[in-house]
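Peer 1: Input structure: my_file_25.cif, which contains mmCIF, C-alpha atoms and all ligand atoms.
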```cif
data_work
#
loop_
_atom_site.group_PDB
_atom_site.id
_atom_site.type_symbol
_atom_site.label_atom_id
_atom_site.label_comp_id
_atom_site.auth_asym_id
_atom_site.auth_seq_id
_atom_site.Cartn_x
_atom_site.Cartn_y
_atom_site.Cartn_z
ATOM 1 C CA MET A 1 0.000 0.000 0.000
ATOM 2 C CA ILE A 2 2.964 2.361 0.575
ATOM 3 C CA ASP A 3 3.953 1.731 -3.059
ATOM 4 C CA LYS A 4 0.420 2.552 -4.227
ATOM 5 C CA LEU A 5 0.453 5.733 -2.137
ATOM 6 C CA VAL A 6 3.855 6.886 -3.400
ATOM 7 C CA GLY A 7 2.970 5.923 -6.992
ATOM 8 C CA LYS A 8 -0.187 8.026 -6.866
ATOM 9 C CA ILE A 9 1.610 10.970 -5.242
ATOM 10 C CA LYS A 10 4.187 10.925 -8.065
ATOM 11 C CA LYS A 11 1.618 10.505 -10.836
ATOM 12 C CA LEU A 12 -0.578 13.349 -9.622
ATOM 13 C CA ASN A 13 2.320 15.479 -8.361
ATOM 14 C CA ALA A 14 0.166 15.922 -5.284
ATOM 15 C CA PRO A 15 1.513 14.972 -1.825
ATOM 16 C CA ILE A 16 -1.931 15.744 -0.489
ATOM 17 C CA VAL A 17 -4.437 13.944 1.666
ATOM 18 C CA VAL A 18 -7.902 15.423 2.047
ATOM 19 C CA GLY A 19 -9.160 15.072 5.586
ATOM 20 C CA LEU A 20 -12.785 13.985 5.685
ATOM 21 C CA ASP A 21 -13.719 15.567 9.029
ATOM 22 C CA PRO A 22 -17.399 16.311 8.416
ATOM 23 C CA ASN A 23 -18.552 18.323 11.395
ATOM 24 C CA LEU A 24 -22.247 19.126 10.952
ATOM 25 C CA ALA A 25 -21.411 22.846 11.113
ATOM 26 C CA PHE A 26 -19.612 22.471 7.761
ATOM 27 C CA VAL A 27 -22.516 20.731 6.034
ATOM 28 C CA PRO A 28 -24.533 23.257 4.000
ATOM 29 C CA GLU A 29 -28.128 23.916 5.038
ATOM 30 C CA HIS A 30 -29.660 22.392 1.904
ATOM 31 C CA ILE A 31 -27.959 19.041 2.580
ATOM 32 C CA GLN A 32 -28.917 19.069 6.253
ATOM 33 C CA LYS A 33 -32.517 19.939 5.378
ATOM 34 C CA LYS A 34 -32.876 17.081 2.886
ATOM 35 C CA ALA A 35 -31.419 14.586 5.371
ATOM 36 C CA PHE A 36 -33.586 15.861 8.237
ATOM 37 C CA ASP A 37 -36.731 15.811 6.032
ATOM 38 C CA GLU A 38 -36.069 12.131 5.436
ATOM 39 C CA TYR A 39 -34.766 10.994 8.845
ATOM 40 C CA GLY A 40 -35.740 13.820 11.222
ATOM 41 C CA GLU A 41 -33.302 15.629 13.480
ATOM 42 C CA THR A 42 -31.867 12.311 14.607
ATOM 43 C CA LEU A 43 -28.470 10.635 14.642
ATOM 44 C CA GLU A 44 -29.562 8.915 11.419
ATOM 45 C CA GLY A 45 -30.355 12.328 9.917
ATOM 46 C CA ALA A 46 -26.947 13.692 10.892
ATOM 47 C CA ALA A 47 -25.200 10.587 9.530
ATOM 48 C CA GLU A 48 -27.063 10.888 6.225
ATOM 49 C CA ALA A 49 -26.089 14.575 5.991
ATOM 50 C CA ILE A 50 -22.368 13.928 6.564
ATOM 51 C CA TRP A 51 -22.396 10.994 4.143
ATOM 52 C CA GLN A 52 -24.000 13.096 1.362
ATOM 53 C CA PHE A 53 -21.529 15.911 2.130
ATOM 54 C CA ASN A 54 -18.537 13.534 1.927
ATOM 55 C CA LYS A 55 -19.771 11.910 -1.266
ATOM 56 C CA ALA A 56 -20.098 15.258 -3.048
ATOM 57 C CA ILE A 57 -16.598 16.282 -1.961
ATOM 58 C CA VAL A 58 -15.028 12.955 -2.949
ATOM 59 C CA ASP A 59 -16.761 13.130 -6.357
ATOM 60 C CA ALA A 60 -15.320 16.631 -6.845
ATOM 61 C CA VAL A 61 -11.691 15.906 -5.863
ATOM 62 C CA TYR A 62 -10.881 12.194 -6.270
ATOM 63 C CA ASP A 63 -9.040 12.619 -9.580
ATOM 64 C CA LEU A 64 -6.670 15.209 -8.061
ATOM 65 C CA ILE A 65 -5.541 13.433 -4.897
ATOM 66 C CA PRO A 66 -3.916 10.169 -3.871
ATOM 67 C CA ALA A 67 -5.565 9.730 -0.480
ATOM 68 C CA VAL A 68 -8.229 10.668 2.031
ATOM 69 C CA LYS A 69 -8.088 10.677 5.819
ATOM 70 C CA PRO A 70 -11.478 10.220 7.464
ATOM 71 C CA GLN A 71 -11.222 11.318 11.108
ATOM 72 C CA ILE A 72 -13.271 8.750 13.066
ATOM 73 C CA ALA A 73 -14.185 11.209 15.870
ATOM 74 C CA MET A 74 -16.331 13.222 13.476
ATOM 75 C CA TYR A 75 -18.384 10.083 12.787
ATOM 76 C CA GLU A 76 -18.372 8.609 16.299
ATOM 77 C CA GLN A 77 -20.077 11.743 17.617
ATOM 78 C CA PHE A 78 -23.211 10.465 15.837
ATOM 79 C CA GLY A 79 -23.029 7.006 17.439
ATOM 80 C CA LEU A 80 -23.750 3.899 15.383
ATOM 81 C CA PRO A 81 -25.285 5.771 12.417
ATOM 82 C CA GLY A 82 -22.125 7.904 12.391
ATOM 83 C CA LEU A 83 -19.914 4.815 12.282
ATOM 84 C CA GLU A 84 -22.015 3.504 9.393
ATOM 85 C CA ALA A 85 -21.324 6.781 7.581
ATOM 86 C CA PHE A 86 -17.602 6.257 8.290
ATOM 87 C CA HIS A 87 -17.751 2.763 6.788
ATOM 88 C CA ARG A 88 -19.756 3.958 3.822
ATOM 89 C CA THR A 89 -17.226 6.734 3.232
ATOM 90 C CA VAL A 90 -14.302 4.282 3.365
ATOM 91 C CA GLU A 91 -16.026 1.950 0.890
ATOM 92 C CA TYR A 92 -16.882 4.786 -1.474
ATOM 93 C CA CYS A 93 -13.309 6.105 -1.426
ATOM 94 C CA ARG A 94 -12.070 2.584 -2.192
ATOM 95 C CA GLN A 95 -14.347 2.474 -5.263
ATOM 96 C CA LYS A 96 -12.677 5.733 -6.341
ATOM 97 C CA ASP A 97 -9.260 4.053 -5.956
ATOM 98 C CA LEU A 98 -8.174 6.406 -3.190
ATOM 99 C CA VAL A 99 -5.772 5.304 -0.459
ATOM 100 C CA ILE A 100 -7.614 5.474 2.860
ATOM 101 C CA ILE A 101 -5.902 6.579 6.055
ATOM 102 C CA GLY A 102 -8.213 5.919 9.001
ATOM 103 C CA ASP A 103 -7.377 8.574 11.568
ATOM 104 C CA ILE A 104 -8.215 6.447 14.609
ATOM 105 C CA LYS A 105 -5.178 7.129 16.886
ATOM 106 C CA ARG A 106 -5.431 3.757 18.633
ATOM 107 C CA GLY A 107 -3.012 1.799 20.815
ATOM 108 C CA ASP A 108 -3.746 -0.358 23.899
ATOM 109 C CA ILE A 109 -2.513 -3.502 25.643
ATOM 110 C CA GLY A 110 -1.549 -6.165 23.124
ATOM 111 C CA SER A 111 -4.764 -8.212 23.098
ATOM 112 C CA THR A 112 -6.882 -5.076 22.712
ATOM 113 C CA SER A 113 -4.643 -3.664 19.985
ATOM 114 C CA GLU A 114 -5.043 -6.986 18.170
ATOM 115 C CA ALA A 115 -8.811 -6.453 18.127
ATOM 116 C CA TYR A 116 -8.439 -2.850 16.922
ATOM 117 C CA ALA A 117 -6.052 -4.046 14.211
ATOM 118 C CA ARG A 118 -8.522 -6.706 13.056
ATOM 119 C CA GLY A 119 -11.369 -4.194 13.066
ATOM 120 C CA HIS A 120 -9.596 -1.480 11.099
ATOM 121 C CA LEU A 121 -7.035 -3.312 8.957
ATOM 122 C CA GLY A 122 -8.803 -6.669 9.154
ATOM 123 C CA PRO A 123 -9.902 -9.348 8.807
ATOM 124 C CA VAL A 124 -11.724 -10.834 11.811
ATOM 125 C CA LYS A 125 -12.597 -14.545 12.004
ATOM 126 C CA VAL A 126 -16.313 -15.264 12.290
ATOM 127 C CA GLY A 127 -16.808 -19.037 12.370
ATOM 128 C CA SER A 128 -15.266 -20.343 9.170
ATOM 129 C CA ARG A 129 -15.198 -16.914 7.535
ATOM 130 C CA SER A 130 -12.702 -14.032 7.531
ATOM 131 C CA LEU A 131 -14.578 -10.751 7.369
ATOM 132 C CA TYR A 132 -13.460 -7.142 7.108
ATOM 133 C CA GLY A 133 -14.875 -4.471 9.416
ATOM 134 C CA PHE A 134 -13.803 -0.938 8.540
ATOM 135 C CA ASN A 135 -10.992 -2.009 6.193
ATOM 136 C CA GLU A 136 -8.846 1.117 5.871
ATOM 137 C CA ASP A 137 -5.432 0.962 4.145
ATOM 138 C CA PHE A 138 -3.496 2.792 6.872
ATOM 139 C CA VAL A 139 -4.348 3.741 10.429
ATOM 140 C CA THR A 140 -2.910 6.350 12.780
ATOM 141 C CA LEU A 141 -1.567 5.040 16.089
ATOM 142 C CA ASN A 142 -0.720 6.530 19.472
ATOM 143 C CA PRO A 143 2.556 4.963 20.711
ATOM 144 C CA TYR A 144 2.277 6.069 24.359
ATOM 145 C CA MET A 145 1.791 2.464 25.570
ATOM 146 C CA GLY A 146 4.926 1.163 23.848
ATOM 147 C CA SER A 147 5.892 -1.667 21.487
ATOM 148 C CA ASP A 148 3.339 -4.244 22.592
ATOM 149 C CA SER A 149 0.568 -1.763 21.760
ATOM 150 C CA ILE A 150 1.961 -1.153 18.259
ATOM 151 C CA ASN A 151 3.196 -4.617 17.206
ATOM 152 C CA PRO A 152 -0.286 -6.127 16.659
ATOM 153 C CA PHE A 153 -1.022 -3.395 14.122
ATOM 154 C CA ILE A 154 2.310 -3.917 12.364
ATOM 155 C CA ASN A 155 1.816 -7.696 12.264
ATOM 156 C CA THR A 156 -1.674 -7.322 10.795
ATOM 157 C CA ALA A 157 -0.471 -4.640 8.380
ATOM 158 C CA LYS A 158 2.311 -6.938 7.131
ATOM 159 C CA LYS A 159 -0.163 -9.736 6.385
ATOM 160 C CA GLU A 160 -2.504 -7.336 4.617
ATOM 161 C CA LYS A 161 0.151 -5.197 2.881
ATOM 162 C CA LYS A 162 -1.250 -2.198 4.714
ATOM 163 C CA GLY A 163 0.398 0.338 6.999
ATOM 164 C CA ALA A 164 0.333 2.774 9.888
ATOM 165 C CA PHE A 165 1.321 6.332 10.747
ATOM 166 C CA ILE A 166 2.530 6.701 14.323
ATOM 167 C CA LEU A 167 2.294 9.962 16.280
ATOM 168 C CA VAL A 168 5.804 11.364 16.763
ATOM 169 C CA LYS A 169 5.437 15.139 17.086
ATOM 170 C CA THR A 170 1.843 16.311 16.926
ATOM 171 C CA SER A 171 0.649 19.630 15.528
ATOM 172 C CA ASN A 172 -1.373 20.878 18.505
ATOM 173 C CA PRO A 173 -0.284 23.769 20.766
ATOM 174 C CA SER A 174 0.261 21.545 23.859
ATOM 175 C CA SER A 175 2.178 18.821 22.041
ATOM 176 C CA GLY A 176 5.394 19.850 23.791
ATOM 177 C CA GLU A 177 3.953 19.181 27.258
ATOM 178 C CA PHE A 178 5.108 15.561 27.055
ATOM 179 C CA GLN A 179 6.668 15.193 23.604
ATOM 180 C CA ASP A 180 9.366 17.840 24.199
ATOM 181 C CA ARG A 181 10.251 16.680 27.743
ATOM 182 C CA LEU A 182 13.965 15.973 27.963
ATOM 183 C CA ILE A 183 15.142 12.496 28.844
ATOM 184 C CA ASP A 184 18.917 12.239 29.206
ATOM 185 C CA GLY A 185 19.110 15.583 27.405
ATOM 186 C CA ARG A 186 16.978 14.624 24.410
ATOM 187 C CA PRO A 187 13.268 15.300 23.836
ATOM 188 C CA LEU A 188 10.870 12.368 24.097
ATOM 189 C CA PHE A 189 9.700 12.773 20.485
ATOM 190 C CA GLU A 190 13.234 11.893 19.287
ATOM 191 C CA TYR A 191 13.049 8.539 21.101
ATOM 192 C CA VAL A 192 9.663 7.879 19.506
ATOM 193 C CA ALA A 193 11.074 8.775 16.074
ATOM 194 C CA GLU A 194 13.922 6.287 16.563
ATOM 195 C CA LYS A 195 11.427 3.631 17.595
ATOM 196 C CA VAL A 196 9.268 4.293 14.521
ATOM 197 C CA ASN A 197 12.371 3.846 12.396
ATOM 198 C CA GLU A 198 13.078 0.534 14.133
ATOM 199 C CA TRP A 199 9.458 -0.704 13.912
ATOM 200 C CA GLY A 200 9.421 -0.090 10.177
ATOM 201 C CA SER A 201 12.954 -1.145 9.256
ATOM 202 C CA ASP A 202 12.120 -4.657 8.014
ATOM 203 C CA TYR A 203 8.881 -3.635 6.278
ATOM 204 C CA VAL A 204 9.926 -1.485 3.357
ATOM 205 C CA GLY A 205 8.202 -1.154 -0.012
ATOM 206 C CA GLU A 206 9.778 -1.129 -3.473
ATOM 207 C CA CYS A 207 9.695 2.677 -3.317
ATOM 208 C CA GLY A 208 12.275 2.536 -0.502
ATOM 209 C CA TYR A 209 9.852 3.812 2.131
ATOM 210 C CA SER A 210 8.482 1.770 5.000
ATOM 211 C CA TYR A 211 4.872 0.788 5.548
ATOM 212 C CA VAL A 212 5.369 2.189 9.056
ATOM 213 C CA GLY A 213 5.197 5.977 8.810
ATOM 214 C CA ALA A 214 4.987 8.840 11.256
ATOM 215 C CA VAL A 215 2.833 11.864 12.044
ATOM 216 C CA VAL A 216 4.758 15.121 12.386
ATOM 217 C CA GLY A 217 2.855 18.407 12.618
ATOM 218 C CA ALA A 218 3.569 21.111 10.052
ATOM 219 C CA THR A 219 3.402 23.581 12.925
ATOM 220 C CA TYR A 220 6.820 22.341 14.177
ATOM 221 C CA PRO A 221 9.260 22.649 11.247
ATOM 222 C CA GLU A 222 12.373 22.758 13.469
ATOM 223 C CA GLN A 223 11.472 19.452 15.076
ATOM 224 C CA ALA A 224 10.633 18.053 11.609
ATOM 225 C CA ARG A 225 14.231 18.692 10.511
ATOM 226 C CA ILE A 226 15.342 16.334 13.288
ATOM 227 C CA THR A 227 12.669 13.661 12.812
ATOM 228 C CA ARG A 228 13.279 13.481 9.031
ATOM 229 C CA LYS A 229 16.896 12.470 9.796
ATOM 230 C CA LEU A 230 15.998 10.032 12.577
ATOM 231 C CA MET A 231 13.428 8.171 10.423
ATOM 232 C CA PRO A 232 14.900 8.162 6.901
ATOM 233 C CA LYS A 233 12.556 5.377 5.754
ATOM 234 C CA ALA A 234 9.337 6.662 7.300
ATOM 235 C CA TYR A 235 6.712 8.356 5.148
ATOM 236 C CA ILE A 236 5.498 11.346 7.118
ATOM 237 C CA LEU A 237 1.852 12.330 7.404
ATOM 238 C CA VAL A 238 1.874 16.072 8.028
ATOM 239 C CA PRO A 239 -1.227 17.715 9.556
ATOM 240 C CA GLY A 240 -1.411 21.386 10.506
ATOM 241 C CA TYR A 241 -1.305 23.016 7.059
ATOM 242 C CA GLY A 242 -4.071 25.568 6.458
ATOM 243 C CA ALA A 243 -6.595 25.778 9.285
ATOM 244 C CA GLN A 244 -3.925 25.315 11.994
ATOM 245 C CA GLY A 245 -1.756 28.034 10.488
ATOM 246 C CA ALA A 246 1.235 26.229 8.942
ATOM 247 C CA THR A 247 2.292 27.389 5.486
ATOM 248 C CA ALA A 248 3.934 25.632 2.527
ATOM 249 C CA LYS A 249 7.467 26.519 3.574
ATOM 250 C CA ASP A 250 6.854 24.974 7.009
ATOM 251 C CA LEU A 251 6.264 21.637 5.282
ATOM 252 C CA LEU A 252 9.657 21.466 3.601
ATOM 253 C CA PRO A 253 11.727 19.781 6.351
ATOM 254 C CA ASN A 254 9.454 16.729 6.139
ATOM 255 C CA PHE A 255 10.275 16.046 2.489
ATOM 256 C CA ASP A 256 13.358 14.297 1.107
ATOM 257 C CA GLU A 257 15.657 15.727 -1.552
ATOM 258 C CA ASN A 258 13.402 14.273 -4.303
ATOM 259 C CA GLY A 259 10.290 16.006 -2.998
ATOM 260 C CA LEU A 260 8.935 12.713 -1.622
ATOM 261 C CA GLY A 261 8.698 11.248 1.882
ATOM 262 C CA ALA A 262 5.757 13.306 3.131
ATOM 263 C CA ILE A 263 2.045 13.702 2.520
ATOM 264 C CA VAL A 264 0.258 16.803 3.757
ATOM 265 C CA ASN A 265 -3.217 16.736 5.260
ATOM 266 C CA SER A 266 -5.787 19.474 5.044
ATOM 267 C CA SER A 267 -9.269 18.884 6.427
ATOM 268 C CA ARG A 268 -11.211 22.072 7.213
ATOM 269 C CA GLY A 269 -9.188 24.013 4.634
ATOM 270 C CA ILE A 270 -10.638 21.783 1.897
ATOM 271 C CA ILE A 271 -13.993 20.490 3.043
ATOM 272 C CA ALA A 272 -15.157 23.845 4.423
ATOM 273 C CA ALA A 273 -13.441 25.937 1.736
ATOM 274 C CA TYR A 274 -16.761 27.483 0.665
ATOM 275 C CA LYS A 275 -16.900 29.273 4.032
ATOM 276 C CA GLN A 276 -13.600 31.074 3.350
ATOM 277 C CA GLU A 277 -13.683 34.516 1.753
ATOM 278 C CA LYS A 278 -11.343 33.307 -0.983
ATOM 279 C CA TYR A 279 -13.881 30.736 -2.205
ATOM 280 C CA ALA A 280 -17.087 32.549 -1.190
ATOM 281 C CA LYS A 281 -18.056 33.047 -4.833
ATOM 282 C CA PHE A 282 -18.962 29.339 -5.033
ATOM 283 C CA GLY A 283 -21.643 29.701 -2.347
ATOM 284 C CA ALA A 284 -22.993 26.891 -0.178
ATOM 285 C CA GLU A 285 -24.810 25.292 -3.164
ATOM 286 C CA HIS A 286 -21.454 24.683 -4.894
ATOM 287 C CA PHE A 287 -19.418 23.763 -1.806
ATOM 288 C CA ALA A 288 -17.817 20.784 -3.559
ATOM 289 C CA ASP A 289 -16.524 22.986 -6.403
ATOM 290 C CA ALA A 290 -14.983 25.234 -3.752
ATOM 291 C CA SER A 291 -13.249 22.152 -2.301
ATOM 292 C CA ARG A 292 -11.888 21.270 -5.735
ATOM 293 C CA ALA A 293 -10.542 24.812 -6.181
ATOM 294 C CA ALA A 294 -8.934 24.613 -2.716
ATOM 295 C CA VAL A 295 -7.214 21.296 -3.585
ATOM 296 C CA ILE A 296 -5.842 22.806 -6.812
ATOM 297 C CA ASP A 297 -4.529 25.828 -4.887
ATOM 298 C CA MET A 298 -2.979 23.573 -2.212
ATOM 299 C CA GLN A 299 -1.246 21.489 -4.889
ATOM 300 C CA LYS A 300 0.214 24.613 -6.505
ATOM 301 C CA ASP A 301 1.241 26.048 -3.139
ATOM 302 C CA ILE A 302 3.165 22.898 -2.163
ATOM 303 C CA ALA A 303 4.684 22.485 -5.645
ATOM 304 C CA SER A 304 5.981 26.060 -5.425
ATOM 305 C CA VAL A 305 8.252 25.176 -2.481
ATOM 306 C CA LEU A 306 9.375 21.641 -3.434
HETATM 307 O O1 LIG B 1 -0.801 15.996 15.178
HETATM 308 C C1 LIG B 1 -1.907 15.855 14.667
HETATM 309 C C2 LIG B 1 -2.448 14.612 14.394
HETATM 310 C C3 LIG B 1 -3.663 14.537 13.769
HETATM 311 N N1 LIG B 1 -4.354 15.646 13.412
HETATM 312 C C4 LIG B 1 -5.639 15.483 12.700
HETATM 313 O O2 LIG B 1 -5.510 16.040 11.395
HETATM 314 C C5 LIG B 1 -6.695 16.756 11.062
HETATM 315 C C6 LIG B 1 -6.366 18.226 10.889
HETATM 316 O O3 LIG B 1 -7.489 18.955 10.507
HETATM 317 P P1 LIG B 1 -7.407 20.480 9.948
HETATM 318 O O4 LIG B 1 -8.833 20.859 9.777
HETATM 319 O O5 LIG B 1 -6.661 20.423 8.633
HETATM 320 O O6 LIG B 1 -6.701 21.281 10.960
HETATM 321 C C7 LIG B 1 -7.699 16.466 12.153
HETATM 322 O O7 LIG B 1 -8.415 15.304 11.789
HETATM 323 C C8 LIG B 1 -6.833 16.152 13.355
HETATM 324 O O8 LIG B 1 -7.451 15.288 14.266
HETATM 325 C C9 LIG B 1 -3.815 16.866 13.682
HETATM 326 O O9 LIG B 1 -4.408 17.915 13.374
HETATM 327 N N2 LIG B 1 -2.600 16.941 14.293
#
```
Kindly transcribe the structure held in the file into structure tokens.
Peer 2:
Amino acid sequence: MIDKLVGKIKKLNAPIVVGLDPNLAFVPEHIQKKAFDEYGETLEGAAEAIWQFNKAIVDAVYDLIPAVKPQIAMYEQFGLPGLEAFHRTVEYCRQKDLVIIGDIKRGDIGSTSEAYARGHLGPVKVGSRSLYGFNEDFVTLNPYMGSDSINPFINTAKKEKKGAFILVKTSNPSSGEFQDRLIDGRPLFEYVAEKVNEWGSDYVGECGYSYVGAVVGATYPEQARITRKLMPKAYILVPGYGAQGATAKDLLPNFDENGLGAIVNSSRGIIAAYKQEKYAKFGAEHFADASRAAVIDMQKDIASVL
């Protein structure tokens, strides 16, 4: 799957992942109204609204991008109907040949991680059958609980030729509270980066990059300079561009000398583009066209610095 991801990035010249984070506040009134007319103001109604919103955006951008990153929290907030919308979104993106990064940030004791790995990377045994639950291509993982919380995902990923992105240095304002704490004179995130490099060292694709990647926030370019060196084989998923304030030049330290090695996420900046002044001319009716215009602008912006 890392080879498919890198192949698509090269072909489209677009190291971009569109984050499908469909908060109801981003869903235009006309879509909400139609869903609520059919299902009422219920969890089912909300799930239908976010599914229709996602579908329109995917239809508008799938030919421009290699990957999507549905953020499971945005679906979980609507309970079981929300999780159905998550699954539906994953399946639809697969039909569009997009690489799917499930942003699930899991990690637990080994036996529990095994169950998460089966559920998200699959399959799970049911009697004589092996069935897939959510079936993403990559998942995001939180490494706080150590190797035995990560290994089940890597073992499942190896069998399935899938992968994972592990949190190393996150984009949020408080990320330094723990991640920058010095241990023997070095920040914790450097130890995690070295571990990610080790976890992925014997699971490398033909492209030269590992199936075990890392998350490094675009909001911390100085730290990215260090992590890029500590994890030479890790593909880096870079959130923080756009809505969180990072700019194209902040992304640079995550890329290698060939302009590969990183894929940049934008969620609100793309899916809610129609709410920005720059794309206001599209209006809420044409929100998906605004998303397409925002993807094209993001691609040009990144290409201008690589
Ligand atoms: O360090 C991290 C890790 C994950 N995220 C996730 O990425 C998107 C960012 O959304 P924007 O709207 O582009 O800001 C969101 O799903 C986060 O949960 C992150 O931001 N930082």
Peer 1: Fewer than 5 positions away in the same chain doesn't count, so skip those; otherwise give me all residues within 12 Å of Tyr132 (chain A), counting only C-alpha atoms, as a short mmCIF file (atom, residue, chain, number, x, y, z; two decimals) with C-alpha atoms, in the frame of the given file.
Peer 2:
```cif
data_model
loop_
_atom_site.label_atom_id
_atom_site.label_comp_id
_atom_site.auth_asym_id
_atom_site.auth_seq_id
_atom_site.Cartn_x
_atom_site.Cartn_y
_atom_site.Cartn_z
CA HIS A 87 -17.75 2.76 6.79
CA GLU A 91 -16.03 1.95 0.89
CA ALA A 115 -8.81 -6.45 18.13
CA TYR A 116 -8.44 -2.85 16.92
CA ALA A 117 -6.05 -4.05 14.21
CA ARG A 118 -8.52 -6.71 13.06
CA GLY A 119 -11.37 -4.19 13.07
CA HIS A 120 -9.60 -1.48 11.10
CA LEU A 121 -7.04 -3.31 8.96
CA GLY A 122 -8.80 -6.67 9.15
CA PRO A 123 -9.90 -9.35 8.81
CA VAL A 124 -11.72 -10.83 11.81
CA LYS A 125 -12.60 -14.54 12.00
CA VAL A 126 -16.31 -15.26 12.29
CA ASP A 137 -5.43 0.96 4.14
CA GLU A 160 -2.50 -7.34 4.62
#
```
Peer 1: Written as a PyMOL selection string, what is the full residue list that the PyMOL selection byres (((chain A and resi 148) around 9) and not hetatm) yields on the file shown?
Peer 2: chain A and resi 107-110+113+145-147+149-152
Peer 1: Kindly assemble as CSV a list of the chain A residues that lie within 7 Å of ligand LIG 1 (chain B), each paired with its nearest atom pair and their distance in Å to one decimal, using all atoms listed in the file, sorted first by chain and then by ascending residue number.
Peer 2:
```
residue,atom,partner,partner_atom,distance
A:Gly19,CA,B:LIG1,C5,6.2
A:Asp21,CA,B:LIG1,O7,6.0
A:Gln71,CA,B:LIG1,O7,4.9
A:Asp103,CA,B:LIG1,O7,6.8
A:Leu167,CA,B:LIG1,O1,6.9
A:Lys169,CA,B:LIG1,O1,6.6
A:Thr170,CA,B:LIG1,O1,3.2
A:Ser171,CA,B:LIG1,O1,3.9
A:Asn172,CA,B:LIG1,N2,5.9
A:Val215,CA,B:LIG1,O1,6.3
A:Val216,CA,B:LIG1,O1,6.3
A:Gly217,CA,B:LIG1,O1,5.1
A:Pro239,CA,B:LIG1,C9,4.9
A:Gly240,CA,B:LIG1,O6,5.3
A:Tyr241,CA,B:LIG1,O5,6.2
A:Gly242,CA,B:LIG1,O5,6.2
A:Ala243,CA,B:LIG1,O6,4.8
A:Gln244,CA,B:LIG1,O6,5.0
A:Asn265,CA,B:LIG1,O5,6.1
A:Ser266,CA,B:LIG1,O5,3.8
A:Ser267,CA,B:LIG1,O5,3.7
A:Arg268,CA,B:LIG1,O4,3.7
A:Gly269,CA,B:LIG1,O5,5.9
```
Peer 1: Neighbours of Tyr279 (chain A) within 7 Å (all atoms listed in the file; same-chain residues fewer than 4 positions away dropped), as a PyMOL selection string?
Peer 2: chain A and resi 273-274+290
Peer 1: For region 227-251 of chain A versus region 219-223 of chain A, which residues have an atom no more than 7 Å away, and what is each residue's nearest atom pair and distance in Å rounded to one decimal, using only C-alpha atoms, chain-then-number order, as CSV?
Peer 2:
```
residue,atom,partner,partner_atom,distance
A:Thr227,CA,A:Gln223,CA,6.3
A:Gly240,CA,A:Thr219,CA,5.8
A:Ala246,CA,A:Thr219,CA,5.3
A:Asp250,CA,A:Pro221,CA,5.4
A:Leu251,CA,A:Pro221,CA,6.8
```
Peer 1: List as a ChimeraX atom specification the protein and nucleic acid residues near region 195-210 of chain A, meaning an atom at most 10 Å away when all atoms listed in the file are counted, but skip any in the same chain fewer than 4 places from it.
Peer 2: /A:1-7,143,146-147,150-151,154,157-158,161,163-168,189-191,214,227,230-235,260-261
Peer 1: Can you work out the spacing between CA of Glu48 (chain A) and CA of Phe78 (chain A) in Å, to one decimal?
Peer 2: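 CA of Phe78 (chain A) lies 10.4 Å from CA of Glu48 (chain A).
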Peer 1: Could you jot down the CA of Lys10 (chain A) to CA of Asn258 (chain A) separation for me, Å, one decimal place?
Peer 2: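 Going from CA of Lys10 (chain A) over to CA of Asn258 (chain A) covers 10.5 Å.
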Peer 1: Could you check how far CA of Ser128 (chain A) sits from CA of Thr112 (chain A), in Å to one decimal?
Peer 2: 22.1 Å
Peer 1: From the list A:Leu141, A:Asn54, A:Ala218, A:Val192, which residue is nearest Arg106 (chain A) when using only C-alpha atoms?
Peer 2: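 Ranking A:Leu141, A:Asn54, A:Ala218, A:Val192 by distance to Arg106 (chain A), first place goes to A:Leu141.
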Peer 1: Nearest to Lys275 (chain A): which of A:Leu64, A:Val17, A:Ala25, A:Leu131 is it, counting only C-alpha atoms?
Peer 2: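 Among A:Leu64, A:Val17, A:Ala25, A:Leu131, it is A:Ala25 that comes nearest to Lys275 (chain A).
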Peer 1: Which of these, A:Asn13, A:Gln77, A:Gln276, A:Thr140, has the shortest distance to Leu237 (chain A) once you count all atoms listed in the file?
Peer 2: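 Closest to Leu237 (chain A), using all atoms listed in the file: A:Thr140.
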Peer 1: Leaving out Ala46 (chain A) and any residue of its chain fewer than 3 positions from it, which residues lie within 12 Å of it when counting only C-alpha atoms, given as an MDAnalysis selection string?
Peer 2: chainID A and resid 22:27 29 31:43 49:53 74:85
Peer 1: Excluding Ile101 (chain A) and its own-chain neighbours fewer than 6 positions away, which residues fall within 6 Å of it when counting only C-alpha atoms? Please give them as JSON, numbers by chain.
Peer 2: {"A": [69, 137, 138, 139]}
Peer 1: Fix up region 4-8 of chain A with N, CA and C atoms, then write it as a short mmCIF file (atom, residue, chain, number, x, y, z; two decimals), in the coordinates of the input.
Peer 2:
```cif
data_model
loop_
_atom_site.label_atom_id
_atom_site.label_comp_id
_atom_site.auth_asym_id
_atom_site.auth_seq_id
_atom_site.Cartn_x
_atom_site.Cartn_y
_atom_site.Cartn_z
N LYS A 4 1.57 1.94 -3.55
CA LYS A 4 0.42 2.55 -4.23
C LYS A 4 0.34 4.04 -3.86
N LEU A 5 0.53 4.33 -2.59
CA LEU A 5 0.45 5.73 -2.14
C LEU A 5 1.52 6.58 -2.82
N VAL A 6 2.76 6.09 -2.81
CA VAL A 6 3.86 6.89 -3.40
C VAL A 6 3.67 6.99 -4.92
N GLY A 7 3.22 5.90 -5.54
CA GLY A 7 2.97 5.92 -6.99
C GLY A 7 1.93 6.97 -7.36
N LYS A 8 0.87 7.05 -6.57
CA LYS A 8 -0.19 8.03 -6.87
C LYS A 8 0.29 9.46 -6.60
#
```
